[in-house]
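*Asks:* Below is a structure I'd like to ask you about.
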Amino acid sequence: MFQTVANFDRIGEENAFAVLARATDLARQGRDIINLGIGQPDFKTPEHIVEAAVKALRDGEHGYTPATGILPLREAVAADVAKRTGAPVSPDNVVVVPGGKVTMFAAILMFGEPGADILYPDPGFPIYRSMIEFTGANPVAVPIREENGFAFSAEETLALITPKTRLIILNSPANPTGGVTPKSEIDKLVAGLAKWPNVAIMSDEIYGQMIYDGLEHTSLLSYPEIRDRVILLDGWSKTYAMTGWRMGYSVWPTALVDKVRKLAVNCWSCVNAPAQFAGLAALTGPQDAVHAMVAEFDRRRHVVVEEMNKISGVSCATPKGAFYAFPNIKATGWKAKPLASALLEQAGVATIGGPDFGIHGEGYIRLSYANSTENIRKAIARIDEFLQANI
Ligand code: PLP
């Protein structure tokens, strides 16, 4: 028989993909399924972005590009990030990658090995922990608490740092909770990090432009005192409804960027060339579609919160960012994963059980409101009906 390396026995996955597969299966069997499980905008990529890719294909952009991305695109990323964060960003520090996940993969591979600690948010994007375990590093969960507005706590994060800590993963606005960490808390964390100059920070800001109630996104790159150890993860997937294009970017400290370039050369060579032209059009073209999409998510967010809070045993905090709500279902008496599974199989509503995002996710389910208001209302009515019959 084959003998594969042990790392592959430790690799996890994202249950959202399994839920999507099951929901698709059920729909194929003729069941009426409403999907509040998947984490992708239900909008099409704006037309001018699609056209830029088509034009690039017709213009013969069919070959390899530089491993870190075409220069005009890296320049556009640098300008866009600089505008939004106030940080001076050089195109030389930008790496265009096939999706935000690849930044995670590169950063965690770079710092993770047996004996190293990596801090990550729990509940949080499941791939963080999966990749940390893959490398053999020790995953250290930073609890993300509802009573803290689903923001990360600087105090709790700092208390978990030890001389073994190599990397801290942060995510705001957050998946799966919709939490946004206030600037005051980030200020405290950054101040505390002065004591730990060898700790790197990967800041996953992929939902940075999906933020509500007039709140402003605070980027970790906006702090000059830690800029030389921040890896910024961002991309096109969520902001421009481009999940299937596989387009992400990262900004790396100068000391690390060449290592990523080499990883790219070894692994993916470069991102699909026409997609890079689409990414360029996204950043340099009109932003109306982004604003319209965020405004629509904002409206749906209120519908989800209002309707979920009418259900007996459920309380749903108002998410401040991203397009997820993370209702608390503890008073229903259900555990989250069996509930999510029963909702899909019996009520025809796909959701994700909180424990799929970490042990601190027990007692919650994640609802993605990347679906029409009509479907959201219908789905929540089904959840209500199911719980009334099954509490
Ligand atoms: N980071 C977070 C917090 C996410 O929720 C996701 C996708 O769901 C990603 C990164 C990955 O994005 P991409 O599809 O660009 O790989």
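The way I read the labels, and the way they are meant: chains A, B, ... in the order of the structure tokens, residue 1 as the first residue of every chain, and ligand 1 as the first ligand shown, with later ones counted on from there.
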So that I can see what lies close to Ser130 (chain A), please list as JSON, numbers by chain the residues with an atom at most 8 Å from it, counting only C-alpha atoms and leaving out residues fewer than 5 positions away in the same chain.
*Replies:* {"A": [10, 11, 12, 13]}
*Asks:* With a distance cut-off of 10 Å and only C-alpha atoms, select the neighbouring residues of region 256-259 of chain A, excluding the residue or stretch itself and same-chain residues fewer than 4 positions from it, and output the selection as a list in words.
*Replies:*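 Close residues of region 256-259 of chain A: Thr68, Asp92, Asn93, Val94, Val95, Ala106, Ala107, Met110, Asp228, Arg229, Ile231, Ser250, Val251, Trp252, Leu263, Ala264 and Val265 of chain A.
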*Asks:* Kindly indicate which residue among A:Gly248, A:Pro46, A:Gly69, A:Pro121 lies nearest to ligand 1, using only C-alpha atoms and all ligand atoms for the distances.
*Replies:*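 Of A:Gly248, A:Pro46, A:Gly69, A:Pro121, the one nearest ligand 1 is A:Gly248, counting only C-alpha atoms and all ligand atoms.
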*Asks:* Find the residues near ligand 1. Use a cut-off of 6 Å, count only C-alpha atoms and all ligand atoms, and write them as a list in words.
*Replies:*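 Checking only C-alpha atoms and all ligand atoms against ligand 1 at 6 Å gives Gly39, Gly99, Gly100, Lys101, Phe125, Asn175, Asp204, Ile206, Gly235, Ser237, Thr243 and Gly248 of chain A.
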*Asks:* Just asking: which residues within region 96-271 of chain A are alpha helix (DSSP H) according to DSSP, as a VMD selection string?
*Replies:* chain A and resid 100 to 111 126 to 135 154 to 159 183 to 193 254 to 267
*Asks:* To one decimal place, how far is CA of Leu160 (chain A) from CA of Asp117 (chain A) in Å?
*Replies:* 9.6 Å
*Asks:* Tell me, in Å to one decimal, how far CA of Ala79 (chain A) is from CA of Met293 (chain A).
*Replies:*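 Separation of CA of Ala79 (chain A) and CA of Met293 (chain A): 22.6 Å.
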*Asks:* When you count only C-alpha atoms, which of these residues is closest to Phe43 (chain A): A:Met242, A:Val230, A:Ile376, A:Ala275?
*Replies:*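 Selected residue with least distance to Phe43 (chain A): A:Met242.
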*Asks:* For the atom pair CA of Ser153 (chain A) and CA of Ile211 (chain A), what is the interatomic distance in Å to one decimal place?
*Replies:*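 Straight-line distance from CA of Ser153 (chain A) to CA of Ile211 (chain A) works out to 19.1 Å.
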*Asks:* Pick out the closest residue to Pro139 (chain A) from this set: A:Tyr120, A:Phe277, A:Tyr364, A:Tyr207. Count only C-alpha atoms.
*Replies:*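 Going through A:Tyr120, A:Phe277, A:Tyr364, A:Tyr207 one by one, the smallest distance to Pro139 (chain A) is for A:Tyr120.
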*Asks:* Might you pull out every residue within 7 Å of Val19 (chain A), with only C-alpha atoms counted and same-chain residues fewer than 4 positions away left off, and present them as number ranges by chain?
*Replies:* A: 15, 23, 350
*Asks:* Would you save the residues from that selection as a PDB file, in the first residue's frame, using C-alpha atoms?
*Replies:*
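Written out: result34.pdb:
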ATOM      1  CA  ASN A  15     -17.569  21.632   5.848  1.00  0.00           C
ATOM      2  CA  ALA A  23     -27.723  20.563  -0.695  1.00  0.00           C
ATOM      3  CA  ALA A 350     -28.691  24.676   4.379  1.00  0.00           C
TER       4      ALA A 350
END
*Asks:* How would you write, as a PDB file with N, CA and C atoms, in the first residue's frame, the set of residues in region 168-202 of chain A that DSSP gives as strand (DSSP E)?
*Replies:*
ATOM      1  N   ILE A 168       0.357  35.046  14.459  1.00  0.00           N
ATOM      2  CA  ILE A 168      -1.010  35.258  14.962  1.00  0.00           C
ATOM      3  C   ILE A 168      -1.895  35.514  13.749  1.00  0.00           C
ATOM      4  N   ILE A 169      -3.010  34.807  13.708  1.00  0.00           N
ATOM      5  CA  ILE A 169      -3.949  35.020  12.609  1.00  0.00           C
ATOM      6  C   ILE A 169      -5.130  35.831  13.131  1.00  0.00           C
ATOM      7  N   LEU A 170      -5.416  36.916  12.461  1.00  0.00           N
ATOM      8  CA  LEU A 170      -6.538  37.772  12.846  1.00  0.00           C
ATOM      9  C   LEU A 170      -7.517  37.841  11.674  1.00  0.00           C
ATOM     10  N   ASN A 171      -8.781  38.067  11.995  1.00  0.00           N
ATOM     11  CA  ASN A 171      -9.786  38.179  10.930  1.00  0.00           C
ATOM     12  C   ASN A 171     -10.904  39.120  11.373  1.00  0.00           C
ATOM     13  N   ALA A 200       4.949  37.238  13.895  1.00  0.00           N
ATOM     14  CA  ALA A 200       4.341  37.791  12.681  1.00  0.00           C
ATOM     15  C   ALA A 200       2.814  37.761  12.817  1.00  0.00           C
ATOM     16  N   ILE A 201       2.148  38.587  12.023  1.00  0.00           N
ATOM     17  CA  ILE A 201       0.685  38.669  12.073  1.00  0.00           C
ATOM     18  C   ILE A 201       0.147  38.484  10.666  1.00  0.00           C
ATOM     19  N   MET A 202      -0.759  37.529  10.515  1.00  0.00           N
ATOM     20  CA  MET A 202      -1.462  37.445   9.230  1.00  0.00           C
ATOM     21  C   MET A 202      -2.869  37.988   9.447  1.00  0.00           C
TER      22      MET A 202
END
*Asks:* Taking into account only C-alpha atoms, which residue in the set A:Ala317, A:Ala194, A:Asp187, A:Asp32 is nearest to Glu147 (chain A)?
*Replies:*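 The shortest atom-to-atom distance to Glu147 (chain A) comes from A:Ala317.
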*Asks:* Leaving out Glu374 (chain A) and any residue of its chain fewer than 4 positions from it, which residues lie within 12 Å of it when counting only C-alpha atoms, given as a ChimeraX atom specification?
*Replies:* /A:34,300,303-304,369-370,378-381
